[in-house]
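Here's the structure, in structure tokens; my notes come after.
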Amino acid sequence: MGNLALTLTSLMLLWSLCYSLRESGSESLPEASCPHDDSLVLPSGKTYSAADDYRTYSGAQEECRRRGGIVAIPRDEEENRDLVFLKNCVSSGDQFWLGIMVTAGVWKDGRGTALGSFTSWAPWEPDDDIRGYNCSHIVFGDKVGERRDNWADAHCLSHFRYVCEIEDGKTHYI
């Protein structure tokens, strides 16, 4: 009977914790699972490495090139989940550049490659190329609603945080 009571108590505590997390809107993993060095090595060998400063889009691309990469652009759902996870580990309250900008009506990455079929645009995005919103970012992770952690266009001279994507898994500094 003592083991049954202990098991029931444990289950009630676990249920209470899960209910509290659900009610608080927390859908992310616990802080303890976030990387300590603000970097993630993906199964593909690509590394996402978060910078700790705010830059314009071109300033972020310049710094990522100095490190041997480009501003991160996920190519599929799994990479997008990894990028959003890292971004929210670093700061869910900040917007982060996404490594694509529109040129002649085509969204391209920092190497000039057209965006493939995968996207994660927030509802009604992209929507402001007329006002010069030719760059893109990931919406705040602590924002409530369906825009949260999805993509939106932005003015390229805005100052956001960013994550560099390095293809070979090694960070290079010049």
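In the structure tokens, the first chain shown is A, the next is B, and so on; residue numbers restart at 1 for each chain, and ligands run from 1 in the order shown.
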
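Excluding Ser49 in chain A itself and any same-chain residue fewer than 3 positions from it, the protein and nucleic acid residues within 7 Å of it, counting only C-alpha atoms, are Asp38, Ser39, Leu40, Val163, Cys164 and Glu165 of chain A.
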
Quick one: write out the picked residues with C-alpha atoms as a PDB file, in the first residue's frame?
```pdb
ATOM      1  CA  ASP A  38      24.552  29.337 -27.660  1.00  0.00           C
ATOM      2  CA  SER A  39      25.340  26.918 -30.520  1.00  0.00           C
ATOM      3  CA  LEU A  40      23.647  23.838 -31.945  1.00  0.00           C
ATOM      4  CA  VAL A 163      22.087  33.372 -35.585  1.00  0.00           C
ATOM      5  CA  CYS A 164      24.892  32.423 -37.948  1.00  0.00           C
ATOM      6  CA  GLU A 165      24.668  29.231 -39.983  1.00  0.00           C
TER       7      GLU A 165
END
```

Practice item. Please provide as a ChimeraX atom specification all residues within 6 Å of range 90-96 of chain A, with the sequence filter that same-chain residues fewer than 5 positions apart are discarded (counting only C-alpha atoms). Key: /A:137-142,160-162

Review point. Using only C-alpha atoms, which of A:Asp82, A:Asp168, A:Asp76, A:Asp153 sits nearest Pro35 in chain A?
Key: A:Asp82

Exercise for review: Considering only C-alpha atoms, return as a PyMOL selection string whatever protein or nucleic-acid residues lie within 10 Å of range 97-99 of chain A, sequence-local ones (same chain, fewer than 2 positions apart) excluded.
Suggested key: chain A and resi 54-58+60-61+70-74+83+94-95+101+107-111+115+135-139+151-154+156+158-165
